[in-house]
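One file, final14.cif, is given below (mmCIF, C-alpha atoms).
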```cif
data_structure
loop_
_atom_site.label_atom_id
_atom_site.label_comp_id
_atom_site.auth_asym_id
_atom_site.auth_seq_id
_atom_site.Cartn_x
_atom_site.Cartn_y
_atom_site.Cartn_z
CA MET A 1 0.61 -11.40 -14.63
CA ASN A 2 -1.95 -9.71 -12.34
CA THR A 3 0.48 -6.83 -11.89
CA ASN A 4 0.63 -6.31 -15.65
CA ALA A 5 -3.16 -6.45 -15.88
CA ASN A 6 -3.51 -3.88 -13.12
CA ALA A 7 -1.01 -1.61 -14.86
CA ALA A 8 -2.96 -1.89 -18.11
CA ASN A 9 -6.15 -0.83 -16.30
CA ARG A 10 -4.52 2.07 -14.45
CA LEU A 11 -4.92 5.60 -15.77
CA PRO A 12 -1.75 7.76 -15.80
CA LEU A 13 -3.43 10.41 -13.68
CA ALA A 14 -0.43 12.71 -13.22
CA GLY A 15 0.03 13.07 -16.97
CA LEU A 16 -3.69 13.36 -17.70
CA LEU A 17 -4.06 16.04 -15.02
CA ALA A 18 -1.22 17.96 -16.68
CA LEU A 19 -3.34 17.94 -19.84
CA ALA A 20 -6.38 19.04 -17.82
CA MET A 21 -4.35 21.90 -16.35
CA THR A 22 -3.31 22.92 -19.87
CA GLY A 23 -6.98 23.10 -20.88
CA PHE A 24 -7.76 25.04 -17.70
CA LEU A 25 -4.99 27.52 -18.54
CA ALA A 26 -6.21 27.93 -22.13
CA LEU A 27 -9.82 28.56 -21.14
CA LEU A 28 -8.99 30.75 -18.15
CA SER A 29 -6.78 32.91 -20.37
CA GLU A 30 -9.75 33.30 -22.71
CA ILE A 31 -12.50 34.13 -20.25
CA LEU A 32 -10.67 36.29 -17.66
CA PRO A 33 -11.32 39.60 -19.46
CA ALA A 34 -15.08 38.96 -19.23
CA GLY A 35 -14.92 39.54 -15.48
CA LEU A 36 -12.40 42.40 -15.66
CA LEU A 37 -13.86 44.77 -18.26
CA PRO A 38 -14.09 47.87 -16.01
CA GLN A 39 -10.49 47.42 -14.77
CA LEU A 40 -9.15 46.65 -18.25
CA SER A 41 -10.98 49.65 -19.66
CA GLN A 42 -9.47 51.99 -17.07
CA GLY A 43 -5.99 50.46 -17.19
CA LEU A 44 -5.70 50.55 -20.98
CA GLY A 45 -7.54 53.84 -21.51
CA VAL A 46 -10.30 52.44 -23.75
CA SER A 47 -14.05 51.93 -23.51
CA GLN A 48 -15.46 48.74 -22.05
CA SER A 49 -16.73 47.72 -25.50
CA MET A 50 -13.19 48.03 -26.84
CA ALA A 51 -11.82 46.15 -23.86
CA GLY A 52 -14.27 43.38 -24.76
CA GLN A 53 -12.37 42.93 -28.03
CA LEU A 54 -9.58 41.32 -26.00
CA THR A 55 -11.83 38.25 -25.84
CA THR A 56 -12.79 38.61 -29.51
CA PHE A 57 -9.16 38.62 -30.68
CA TYR A 58 -8.41 35.58 -28.53
CA ALA A 59 -11.28 33.72 -30.21
CA ILE A 60 -10.09 34.83 -33.66
CA GLY A 61 -6.64 33.44 -32.89
CA SER A 62 -8.18 30.11 -31.85
CA VAL A 63 -10.24 29.89 -35.05
CA VAL A 64 -7.50 30.76 -37.54
CA GLY A 65 -4.57 29.09 -35.77
CA ALA A 66 -5.59 25.52 -35.00
CA VAL A 67 -5.73 23.84 -38.42
CA PRO A 68 -2.67 25.40 -40.10
CA ILE A 69 -0.38 25.02 -37.08
CA ILE A 70 -1.48 21.47 -36.25
CA THR A 71 -0.95 20.58 -39.92
CA ALA A 72 2.43 22.30 -40.18
CA THR A 73 3.73 20.67 -36.98
CA ARG A 74 2.24 17.21 -37.41
CA ASN A 75 5.70 15.57 -37.56
CA TRP A 76 6.80 17.23 -34.29
CA GLY A 77 6.98 15.29 -31.05
CA ARG A 78 3.71 15.87 -29.22
CA ARG A 79 5.30 17.02 -25.97
CA SER A 80 7.47 19.58 -27.76
CA LEU A 81 4.39 21.08 -29.43
CA LEU A 82 2.46 21.15 -26.15
CA LEU A 83 5.39 22.82 -24.39
CA LEU A 84 5.53 25.44 -27.13
CA THR A 85 1.87 26.30 -26.60
CA VAL A 86 2.29 26.60 -22.82
CA CYS A 87 5.38 28.79 -23.35
CA THR A 88 3.24 30.93 -25.65
CA PHE A 89 0.71 31.40 -22.85
CA LEU A 90 3.56 32.33 -20.51
CA VAL A 91 4.99 34.94 -22.88
CA PHE A 92 1.78 36.58 -24.07
CA ASN A 93 -0.04 36.59 -20.73
CA THR A 94 3.06 38.29 -19.33
CA ILE A 95 2.90 40.87 -22.13
CA THR A 96 -0.79 41.40 -21.30
CA ALA A 97 0.16 41.94 -17.65
CA ILE A 98 2.76 44.64 -18.36
CA SER A 99 1.50 46.29 -21.55
CA SER A 100 -0.02 49.76 -21.36
CA ILE A 101 -0.56 49.92 -25.15
CA PHE A 102 -3.95 48.63 -26.22
CA ILE A 103 -2.86 47.49 -29.70
CA LEU A 104 0.05 45.52 -28.23
CA THR A 105 -2.34 43.89 -25.77
CA LEU A 106 -4.68 42.95 -28.62
CA VAL A 107 -1.78 41.31 -30.49
CA ALA A 108 -0.77 39.43 -27.34
CA ARG A 109 -4.32 38.15 -26.97
CA LEU A 110 -4.39 37.07 -30.61
CA PHE A 111 -1.25 34.94 -30.23
CA ALA A 112 -2.46 33.49 -26.93
CA GLY A 113 -5.64 32.53 -28.78
CA VAL A 114 -3.60 30.78 -31.46
CA ALA A 115 -1.94 28.71 -28.72
CA ALA A 116 -5.37 27.84 -27.32
CA GLY A 117 -6.55 26.66 -30.74
CA VAL A 118 -3.56 24.31 -30.89
CA VAL A 119 -4.25 23.05 -27.36
CA TRP A 120 -7.86 22.18 -28.18
CA GLY A 121 -6.67 20.49 -31.36
CA MET A 122 -4.25 18.14 -29.60
CA LEU A 123 -5.40 17.47 -26.01
CA THR A 124 -7.79 14.69 -26.93
CA GLY A 125 -5.32 12.95 -29.23
CA TYR A 126 -2.60 13.19 -26.59
CA ALA A 127 -4.82 11.70 -23.89
CA ARG A 128 -5.92 8.85 -26.16
CA ARG A 129 -2.32 7.87 -26.91
CA MET A 130 -1.49 7.56 -23.21
CA VAL A 131 -3.88 4.68 -22.49
CA PRO A 132 -5.07 1.36 -23.96
CA GLU A 133 -8.10 1.26 -26.26
CA LYS A 134 -10.64 0.46 -23.54
CA LEU A 135 -9.65 3.52 -21.49
CA LYS A 136 -9.43 6.16 -24.22
CA GLY A 137 -12.77 7.80 -23.54
CA ARG A 138 -12.14 7.97 -19.80
CA ALA A 139 -8.72 9.51 -20.40
CA VAL A 140 -10.28 12.16 -22.66
CA SER A 141 -12.83 13.03 -19.97
CA ILE A 142 -10.05 13.63 -17.44
CA ALA A 143 -8.06 15.71 -19.93
CA MET A 144 -11.16 17.84 -20.58
CA MET A 145 -11.85 18.38 -16.87
CA GLY A 146 -10.13 21.77 -17.01
CA ILE A 147 -13.05 23.22 -19.02
CA PRO A 148 -15.84 23.01 -16.40
CA ILE A 149 -13.42 23.80 -13.57
CA ALA A 150 -12.27 26.99 -15.32
CA LEU A 151 -15.88 28.00 -16.00
CA THR A 152 -17.08 27.19 -12.49
CA PHE A 153 -14.24 28.40 -10.31
CA GLY A 154 -11.57 30.05 -12.47
CA LEU A 155 -13.50 33.12 -13.60
CA PRO A 156 -15.22 33.98 -10.28
CA LEU A 157 -12.01 33.36 -8.31
CA GLY A 158 -9.97 35.42 -10.78
CA THR A 159 -12.48 38.27 -10.63
CA PHE A 160 -12.43 38.13 -6.82
CA LEU A 161 -8.61 38.17 -6.64
CA SER A 162 -8.36 41.07 -9.08
CA SER A 163 -10.14 43.30 -6.56
CA PHE A 164 -7.18 42.77 -4.21
CA ILE A 165 -4.15 42.42 -6.47
CA GLY A 166 -5.30 44.18 -9.65
CA TRP A 167 -5.82 42.77 -13.14
CA ARG A 168 -2.16 43.08 -14.15
CA SER A 169 -0.99 40.99 -11.21
CA LEU A 170 -3.76 38.50 -11.96
CA PHE A 171 -2.42 37.91 -15.48
CA GLY A 172 1.01 37.61 -13.87
CA VAL A 173 -0.36 34.82 -11.68
CA VAL A 174 -1.70 33.09 -14.79
CA SER A 175 1.79 33.32 -16.30
CA LEU A 176 3.20 31.79 -13.12
CA VAL A 177 0.72 28.90 -13.49
CA ALA A 178 2.05 28.41 -17.04
CA ALA A 179 5.64 28.29 -15.73
CA VAL A 180 4.72 25.64 -13.14
CA LEU A 181 2.86 23.69 -15.82
CA ILE A 182 5.98 23.58 -18.02
CA GLY A 183 7.83 21.78 -15.24
CA TRP A 184 4.87 19.47 -14.66
CA ILE A 185 4.75 18.49 -18.35
CA LEU A 186 8.49 17.81 -18.46
CA TRP A 187 8.23 15.73 -15.30
CA LYS A 188 5.12 13.64 -15.84
CA LEU A 189 3.96 13.76 -19.46
CA PRO A 190 5.32 11.10 -21.86
CA ASP A 191 6.36 12.13 -25.35
CA PHE A 192 4.92 10.67 -28.54
CA PRO A 193 6.21 10.99 -32.08
CA GLY A 194 4.40 13.02 -34.71
CA GLN A 195 3.46 11.77 -38.14
CA SER A 196 6.00 10.57 -40.66
CA ASP A 197 6.96 13.05 -43.37
CA LYS A 198 5.69 10.43 -45.82
CA SER A 199 2.17 10.57 -44.40
CA SER A 200 -0.44 11.42 -47.02
CA VAL A 201 -2.98 12.70 -44.51
CA SER A 202 -4.28 16.14 -45.47
CA VAL A 203 -6.93 18.46 -44.08
CA TRP A 204 -9.16 17.85 -47.10
CA SER A 205 -8.86 14.06 -46.91
CA VAL A 206 -9.74 14.15 -43.21
CA PHE A 207 -12.71 16.42 -43.86
CA ARG A 208 -13.97 14.00 -46.52
CA THR A 209 -13.70 11.00 -44.19
CA PRO A 210 -17.16 9.47 -43.62
CA GLY A 211 -18.48 10.59 -40.28
CA VAL A 212 -16.24 13.64 -39.79
CA ARG A 213 -18.64 16.07 -41.46
CA SER A 214 -21.54 14.68 -39.44
CA VAL A 215 -19.67 15.26 -36.20
CA LEU A 216 -18.59 18.76 -37.26
CA PHE A 217 -22.19 19.64 -38.14
CA VAL A 218 -23.33 18.51 -34.71
CA VAL A 219 -20.51 20.51 -33.08
CA LEU A 220 -21.58 23.62 -35.02
CA THR A 221 -25.31 23.39 -34.30
CA TRP A 222 -25.03 22.13 -30.71
CA MET A 223 -22.45 24.72 -29.65
CA THR A 224 -24.17 27.57 -31.48
CA ALA A 225 -27.39 26.75 -29.60
CA HIS A 226 -25.43 26.55 -26.34
CA ASN A 227 -23.67 29.87 -26.87
CA ILE A 228 -26.81 31.75 -27.86
CA LEU A 229 -28.08 30.92 -24.37
CA TYR A 230 -24.78 31.09 -22.45
CA THR A 231 -23.42 34.33 -23.93
CA TYR A 232 -26.62 36.16 -23.04
CA ILE A 233 -27.50 34.26 -19.88
CA SER A 234 -27.75 37.47 -17.81
CA PRO A 235 -30.59 39.08 -19.82
CA LEU A 236 -32.17 35.63 -20.31
CA LEU A 237 -32.36 34.98 -16.55
CA ALA A 238 -33.31 38.58 -15.79
CA SER A 239 -36.31 38.21 -18.11
CA VAL A 240 -37.69 35.44 -15.86
CA GLY A 241 -36.89 37.25 -12.60
CA PHE A 242 -33.54 35.64 -11.72
CA ASN A 243 -30.92 38.19 -10.69
CA GLN A 244 -28.43 36.06 -8.71
CA ILE A 245 -26.33 35.23 -11.76
CA GLU A 246 -23.25 34.18 -9.75
CA PHE A 247 -25.21 31.55 -7.81
CA ILE A 248 -26.90 30.28 -10.98
CA LEU A 249 -23.54 29.91 -12.73
CA LEU A 250 -22.13 28.08 -9.71
CA VAL A 251 -25.01 25.57 -9.81
CA TYR A 252 -24.51 25.20 -13.56
CA GLY A 253 -20.76 24.67 -13.14
CA ILE A 254 -21.08 22.07 -10.38
CA ALA A 255 -23.53 20.12 -12.55
CA SER A 256 -20.99 20.31 -15.40
CA ILE A 257 -18.19 18.90 -13.25
CA VAL A 258 -20.37 16.03 -11.99
CA SER A 259 -21.37 15.29 -15.58
CA THR A 260 -17.75 15.13 -16.70
CA PHE A 261 -17.02 12.43 -14.11
CA LEU A 262 -20.11 10.41 -15.08
CA ILE A 263 -19.41 10.67 -18.81
CA GLY A 264 -15.87 9.46 -18.17
CA ARG A 265 -17.23 6.25 -16.67
CA LEU A 266 -19.56 5.50 -19.60
CA ILE A 267 -18.10 7.01 -22.74
CA ASP A 268 -15.88 4.13 -23.81
CA ARG A 269 -18.82 1.80 -24.46
CA HIS A 270 -21.83 4.07 -24.77
CA LEU A 271 -20.76 7.02 -26.94
CA ARG A 272 -23.76 7.00 -29.27
CA PRO A 273 -26.55 6.84 -26.65
CA LEU A 274 -24.75 9.48 -24.57
CA VAL A 275 -24.61 11.88 -27.53
CA LEU A 276 -28.24 11.29 -28.46
CA GLY A 277 -29.35 11.49 -24.83
CA SER A 278 -27.44 14.75 -24.32
CA LEU A 279 -29.07 16.33 -27.36
CA ILE A 280 -32.54 15.23 -26.25
CA ALA A 281 -31.85 16.58 -22.75
CA PHE A 282 -30.74 19.93 -24.19
CA ILE A 283 -33.93 20.06 -26.28
CA LEU A 284 -35.81 19.61 -22.99
CA VAL A 285 -33.78 22.50 -21.54
CA THR A 286 -35.00 24.79 -24.34
CA PHE A 287 -38.60 23.77 -23.59
CA LEU A 288 -38.12 24.51 -19.89
CA PHE A 289 -36.69 27.94 -20.66
CA GLY A 290 -39.51 28.57 -23.11
CA PHE A 291 -42.38 27.59 -20.82
CA SER A 292 -41.12 28.15 -17.24
CA SER A 293 -40.94 31.95 -17.09
CA ASN A 294 -43.23 31.95 -14.02
CA LEU A 295 -41.91 28.71 -12.50
CA PRO A 296 -38.61 29.09 -10.61
CA VAL A 297 -38.38 25.33 -10.11
CA GLY A 298 -38.51 24.82 -13.87
CA ILE A 299 -35.67 27.29 -14.41
CA TYR A 300 -33.50 25.59 -11.76
CA VAL A 301 -34.16 22.21 -13.34
CA ALA A 302 -33.23 23.69 -16.73
CA ILE A 303 -29.97 25.11 -15.38
CA ILE A 304 -28.94 21.86 -13.67
CA LEU A 305 -29.86 19.77 -16.72
CA TRP A 306 -28.05 22.21 -19.00
CA GLY A 307 -24.92 21.91 -16.86
CA PHE A 308 -25.10 18.12 -17.07
CA VAL A 309 -25.46 18.32 -20.85
CA PHE A 310 -22.58 20.72 -21.39
CA GLY A 311 -20.20 19.11 -18.89
CA GLY A 312 -19.68 16.04 -21.04
CA ALA A 313 -20.12 17.70 -24.44
CA ALA A 314 -16.42 18.30 -25.14
CA SER A 315 -15.47 14.72 -24.25
CA LEU A 316 -18.30 13.25 -26.32
CA LEU A 317 -17.73 15.33 -29.43
CA GLN A 318 -13.94 15.13 -29.37
CA THR A 319 -14.10 11.37 -28.88
CA ALA A 320 -16.64 11.05 -31.71
CA VAL A 321 -14.46 12.89 -34.22
CA ALA A 322 -11.37 10.96 -33.11
CA GLU A 323 -13.18 7.63 -33.51
CA ALA A 324 -14.24 8.59 -37.05
CA VAL A 325 -10.66 8.68 -38.42
CA ASP A 326 -7.47 6.62 -38.44
CA GLU A 327 -4.96 7.28 -35.65
CA GLN A 328 -2.64 9.19 -38.02
CA ALA A 329 -5.42 11.66 -38.78
CA VAL A 330 -6.65 12.27 -35.22
CA ASP A 331 -4.81 15.55 -34.60
CA ILE A 332 -6.01 17.11 -37.85
CA ALA A 333 -9.58 15.91 -37.22
CA LEU A 334 -9.47 17.39 -33.72
CA SER A 335 -8.12 20.69 -35.03
CA LEU A 336 -11.10 20.84 -37.42
CA SER A 337 -13.39 20.17 -34.46
CA SER A 338 -11.65 22.87 -32.41
CA THR A 339 -12.01 25.39 -35.23
CA THR A 340 -15.68 24.52 -35.66
CA TRP A 341 -16.25 24.80 -31.90
CA ASN A 342 -14.70 28.28 -31.74
CA PHE A 343 -16.60 29.35 -34.86
CA ALA A 344 -19.79 28.21 -33.13
CA ILE A 345 -18.91 30.42 -30.14
CA ALA A 346 -18.68 33.39 -32.51
CA CYS A 347 -21.92 32.36 -34.25
CA GLY A 348 -23.72 32.06 -30.93
CA GLY A 349 -22.63 35.53 -29.89
CA ALA A 350 -23.54 37.08 -33.23
CA VAL A 351 -26.90 35.32 -33.66
CA GLY A 352 -27.81 35.95 -30.04
CA GLY A 353 -27.02 39.66 -30.43
CA ILE A 354 -29.22 39.92 -33.51
CA LEU A 355 -32.05 38.07 -31.78
CA LEU A 356 -31.72 40.20 -28.65
CA ASN A 357 -32.16 43.40 -30.66
CA SER A 358 -34.90 42.10 -32.93
CA ALA A 359 -37.04 39.46 -31.23
CA GLY A 360 -35.83 39.62 -27.62
CA VAL A 361 -34.64 36.91 -25.25
CA VAL A 362 -37.93 35.02 -25.63
CA SER A 363 -36.66 33.82 -29.02
CA PHE A 364 -33.44 32.25 -27.67
CA PRO A 365 -34.86 28.88 -26.54
CA TRP A 366 -36.80 28.34 -29.79
CA VAL A 367 -33.88 29.10 -32.08
CA GLY A 368 -31.82 26.76 -29.93
CA PHE A 369 -34.58 24.15 -30.23
CA VAL A 370 -34.43 24.24 -34.05
CA LEU A 371 -30.63 23.95 -34.09
CA LEU A 372 -30.71 21.03 -31.65
CA ILE A 373 -33.36 19.16 -33.67
CA LEU A 374 -31.06 19.45 -36.71
CA ALA A 375 -28.13 18.18 -34.63
CA LEU A 376 -30.19 15.26 -33.31
CA LEU A 377 -31.32 14.24 -36.80
CA VAL A 378 -27.76 14.21 -38.12
CA ALA A 379 -26.40 12.34 -35.09
CA TRP A 380 -29.25 9.82 -35.27
CA ASN A 381 -28.50 9.07 -38.93
CA ALA A 382 -24.71 8.83 -38.43
CA LYS A 383 -24.89 5.24 -37.20
CA LYS A 384 -22.04 3.62 -39.07
CA TYR A 385 -19.47 6.38 -38.80
CA GLY A 386 -19.55 9.68 -36.83
CA PHE A 387 -21.37 8.53 -33.68
CA LYS A 388 -20.87 4.87 -32.91
CA SER A 389 -20.36 3.02 -29.65
CA LYS A 390 -17.65 0.41 -29.22
CA ARG A 391 -18.73 -3.18 -29.01
#
```

As structure tokens, please, write out the structure in this file.
Amino acid sequence: MNTNANAANRLPLAGLLALAMTGFLALLSEILPAGLLPQLSQGLGVSQSMAGQLTTFYAIGSVVGAVPIITATRNWGRRSLLLLTVCTFLVFNTITAISSIFILTLVARLFAGVAAGVVWGMLTGYARRMVPEKLKGRAVSIAMMGIPIALTFGLPLGTFLSSFIGWRSLFGVVSLVAAVLIGWILWKLPDFPGQSDKSSVSVWSVFRTPGVRSVLFVVLTWMTAHNILYTYISPLLASVGFNQIEFILLVYGIASIVSTFLIGRLIDRHLRPLVLGSLIAFILVTFLFGFSSNLPVGIYVAIILWGFVFGGAASLLQTAVAEAVDEQAVDIALSLSSTTWNFAIACGGAVGGILLNSAGVVSFPWVGFVLLILALLVAWNAKKYGFKSKR
């Protein structure tokens, strides 16, 4: 009897880490071009601004692909769908590695982005189905661990390796990671059935579910505020006299990883206070950025606190939207969250660019402050549905 109890309390780490590696692969595939623009520009015979569109097309694929593909494949076995997405990364990262035609590379990035949108729409639901109710939040935190690890170590390590092996070989290495991951998934990840063909769950019915729209609004405002700051972190830090961007990002990333572990320990019973506390902490970050231009200590505190806030954000928001719907609707709800998240990335980049050219970086924290106040108000009022802790 004790053996059964211990088994029920044990997390299936090998399978959850396979999910984390899938998230790492999806995010690394997205952000690698950011550190390789000069090499990509030279290798493909285009300007650096055009090479930057390789990231844009990836994001477009993530935005437009998640909801329709998750909906169309909702009766598929979950492992089969996940394997298809990893195979897509393998194929299209390989095309990126060998293509010398810019348009073909753009198309490859678009389809890789579609695969990423599907990954973000199903990882949380997959992790939740692998564990009992009391461990769902912790399982989600482990499955989302690939995000801060990719941001903290994946991009700088990839950029460093490219100086020795070249950007084409680097994308080849990413494809090799995808091939290893396919074997890992087949070996350690359990399969789960999709929805019945008779299921009446639709995208519109999920969107209308009480609580879902509140969570999606918080995702949009929170992540737009985050990406206004993060996308333009170099000019933001330069404006306050910080030029060691690599070290700053390392500190930020380590704080994010620590936060992910801590959130995983608390999320199953304290979802609501963690969401509200994270939003309040991020509001404090905007104040620190706004008032600490001559105080290095204040900027370091802001960076560390920001990393703590963002590290657990994906786990908190994905868990919140999953808790707002029935189990049959989780994948569709998560695909809506994924689409909103990627749209917020685009909004952050666009709004930040407009602000940079019109009002300057000094406006970033205050626009973020307004967005976060709106997010906090909505989250505070979503007591019964969108953001609720388990009893």

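Going from atom CA of Ala20 of chain A over to atom CA of Lys134 of chain A, you cover 19.9 Å.
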
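The spacing separating atom CA of Thr94 of chain A from atom CA of Gly183 of chain A amounts to 17.7 Å.
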
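Going from atom CA of Leu32 of chain A over to atom CA of Ala108 of chain A, you cover 14.2 Å.
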
Apply the PyMOL selection byres ((chain A and resi 132) around 12) to the displayed file and report the matching residues as number ranges by chain. A: 5, 7-12, 127-131, 133-139, 268

I'd like to see the residues matched by the PyMOL selection byres ((chain A and resi 206) around 9) on this file, and ideally I'd get them as a VMD selection string. chain A and resid 201 to 205 207 to 210 212 325 329 to 330 332 to 333 336

Please expand the PyMOL selection byres ((chain A and resi 228) around 12) into the concrete residues it hits in this file, giving the result as a PDB file with C-alpha atoms, in the frame of the given file.
```
ATOM      1  CA  THR A 221     -25.310  23.390 -34.300  1.00  0.00           C
ATOM      2  CA  TRP A 222     -25.030  22.130 -30.710  1.00  0.00           C
ATOM      3  CA  MET A 223     -22.450  24.720 -29.650  1.00  0.00           C
ATOM      4  CA  THR A 224     -24.170  27.570 -31.480  1.00  0.00           C
ATOM      5  CA  ALA A 225     -27.390  26.750 -29.600  1.00  0.00           C
ATOM      6  CA  HIS A 226     -25.430  26.550 -26.340  1.00  0.00           C
ATOM      7  CA  ASN A 227     -23.670  29.870 -26.870  1.00  0.00           C
ATOM      8  CA  LEU A 229     -28.080  30.920 -24.370  1.00  0.00           C
ATOM      9  CA  TYR A 230     -24.780  31.090 -22.450  1.00  0.00           C
ATOM     10  CA  THR A 231     -23.420  34.330 -23.930  1.00  0.00           C
ATOM     11  CA  TYR A 232     -26.620  36.160 -23.040  1.00  0.00           C
ATOM     12  CA  ILE A 233     -27.500  34.260 -19.880  1.00  0.00           C
ATOM     13  CA  SER A 234     -27.750  37.470 -17.810  1.00  0.00           C
ATOM     14  CA  PRO A 235     -30.590  39.080 -19.820  1.00  0.00           C
ATOM     15  CA  LEU A 236     -32.170  35.630 -20.310  1.00  0.00           C
ATOM     16  CA  THR A 286     -35.000  24.790 -24.340  1.00  0.00           C
ATOM     17  CA  ALA A 344     -19.790  28.210 -33.130  1.00  0.00           C
ATOM     18  CA  ILE A 345     -18.910  30.420 -30.140  1.00  0.00           C
ATOM     19  CA  ALA A 346     -18.680  33.390 -32.510  1.00  0.00           C
ATOM     20  CA  CYS A 347     -21.920  32.360 -34.250  1.00  0.00           C
ATOM     21  CA  GLY A 348     -23.720  32.060 -30.930  1.00  0.00           C
ATOM     22  CA  GLY A 349     -22.630  35.530 -29.890  1.00  0.00           C
ATOM     23  CA  ALA A 350     -23.540  37.080 -33.230  1.00  0.00           C
ATOM     24  CA  VAL A 351     -26.900  35.320 -33.660  1.00  0.00           C
ATOM     25  CA  GLY A 352     -27.810  35.950 -30.040  1.00  0.00           C
ATOM     26  CA  GLY A 353     -27.020  39.660 -30.430  1.00  0.00           C
ATOM     27  CA  ILE A 354     -29.220  39.920 -33.510  1.00  0.00           C
ATOM     28  CA  LEU A 355     -32.050  38.070 -31.780  1.00  0.00           C
ATOM     29  CA  LEU A 356     -31.720  40.200 -28.650  1.00  0.00           C
ATOM     30  CA  GLY A 360     -35.830  39.620 -27.620  1.00  0.00           C
ATOM     31  CA  VAL A 361     -34.640  36.910 -25.250  1.00  0.00           C
ATOM     32  CA  VAL A 362     -37.930  35.020 -25.630  1.00  0.00           C
ATOM     33  CA  SER A 363     -36.660  33.820 -29.020  1.00  0.00           C
ATOM     34  CA  PHE A 364     -33.440  32.250 -27.670  1.00  0.00           C
ATOM     35  CA  PRO A 365     -34.860  28.880 -26.540  1.00  0.00           C
ATOM     36  CA  TRP A 366     -36.800  28.340 -29.790  1.00  0.00           C
ATOM     37  CA  VAL A 367     -33.880  29.100 -32.080  1.00  0.00           C
ATOM     38  CA  GLY A 368     -31.820  26.760 -29.930  1.00  0.00           C
ATOM     39  CA  PHE A 369     -34.580  24.150 -30.230  1.00  0.00           C
ATOM     40  CA  LEU A 371     -30.630  23.950 -34.090  1.00  0.00           C
TER      41      LEU A 371
END
```

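If you count only C-alpha atoms and ignore residues fewer than 3 places along the chain from Arg109 of chain A, what sits within 7 Å of it is Leu54, Phe57, Tyr58, Phe92, Thr105, Leu106, Ala112 and Gly113 of chain A.
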
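In this comparison, which uses all atoms listed in the file, the residue of A:Phe261, A:Phe287, A:Trp380, A:Phe24 approaching Ala178 of chain A most closely is A:Phe24.
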
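Nearest-residue note for Ala179 of chain A: choosing from A:Leu151, A:Val140, A:Ala18, A:Cys87, the minimum distance belongs to A:Cys87, counting all atoms listed in the file.
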
Go through A:Ile263, A:Val118, A:Leu123, A:Leu170 one by one, measure the shortest atom-to-atom distance of each to Gly35 of chain A using all atoms listed in the file, and give the residue with the smallest value. A:Leu170

Please provide the set of residues having any atom within 8 Å of Pro193 of chain A, restricted to all atoms listed in the file, with same-chain residues fewer than 6 positions apart removed, written as a ChimeraX atom specification. /A:75-78

Please return the centre and edge lengths, in Å to one decimal, of a box with edges along x, y and z that contains all listed atoms of segment 297-304 of chain A, widened by 8 Å on every side, as JSON.
```
{"center_x": -33.7, "center_y": 24.6, "center_z": -13.4, "size_x": 25.6, "size_y": 21.4, "size_z": 22.6}
```

Non-local contacts of Gly277 of chain A (12 Å; all atoms listed in the file; under 4 positions in same chain excluded) as a PyMOL selection string: chain A and resi 263+270-273+281-284+305+308-310+312-313+316+372+375-376+379-380

With a distance cut-off of 10 Å and all atoms listed in the file, select the neighbouring residues of Ile299 of chain A, excluding the residue or stretch itself and same-chain residues fewer than 2 positions from it, and output the selection as number ranges by chain. A: 237, 240, 242, 248, 285, 288-297, 301-305

Excluding Ala26 of chain A and residues on its chain fewer than 4 positions from it, collect all residues at most 10 Å away from it, counting all atoms listed in the file, and give them as a list of chain:residue names. A:Ala20, A:Met21, A:Thr22, A:Glu30, A:Ile31, A:Thr85, A:Val86, A:Phe89, A:Ala112, A:Gly113, A:Ala115, A:Ala116, A:Gly117, A:Val118, A:Val119, A:Trp120, A:Gly146, A:Ile147, A:Ala150, A:Ala178

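Nearest residue to Thr73 of chain A, choosing from A:Ser239, A:Asn381, A:Ser338, A:Gln195 and counting only C-alpha atoms: A:Gln195.
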
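Closest approach to Ile257 of chain A among A:Leu279, A:Leu161, A:Met144, A:Leu44: A:Met144, based on all atoms listed in the file.
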
Provide segment 74-81 of chain A rebuilt to N, CA and C atoms, formatted as a compact mmCIF listing (two decimals), keeping the file's coordinate frame.
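So rebuild_3.txt came out as:
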```txt
# COMPACT_ATOMS: atom_id res chain seq x y z
N ARG A 74 2.72 18.57 -37.67
CA ARG A 74 2.24 17.21 -37.41
C ARG A 74 3.36 16.19 -37.27
N ASN A 75 4.58 16.51 -37.75
CA ASN A 75 5.70 15.57 -37.56
C ASN A 75 6.54 15.91 -36.33
N TRP A 76 6.12 16.89 -35.54
CA TRP A 76 6.80 17.23 -34.29
C TRP A 76 6.44 16.21 -33.22
N GLY A 77 7.32 16.02 -32.25
CA GLY A 77 6.98 15.29 -31.05
C GLY A 77 5.85 16.01 -30.33
N ARG A 78 4.90 15.25 -29.81
CA ARG A 78 3.71 15.87 -29.22
C ARG A 78 4.03 16.70 -27.98
N ARG A 79 4.98 16.25 -27.17
CA ARG A 79 5.30 17.02 -25.97
C ARG A 79 5.97 18.33 -26.32
N SER A 80 6.81 18.34 -27.34
CA SER A 80 7.47 19.58 -27.76
C SER A 80 6.44 20.61 -28.21
N LEU A 81 5.42 20.15 -28.97
CA LEU A 81 4.39 21.08 -29.43
C LEU A 81 3.57 21.60 -28.25
```
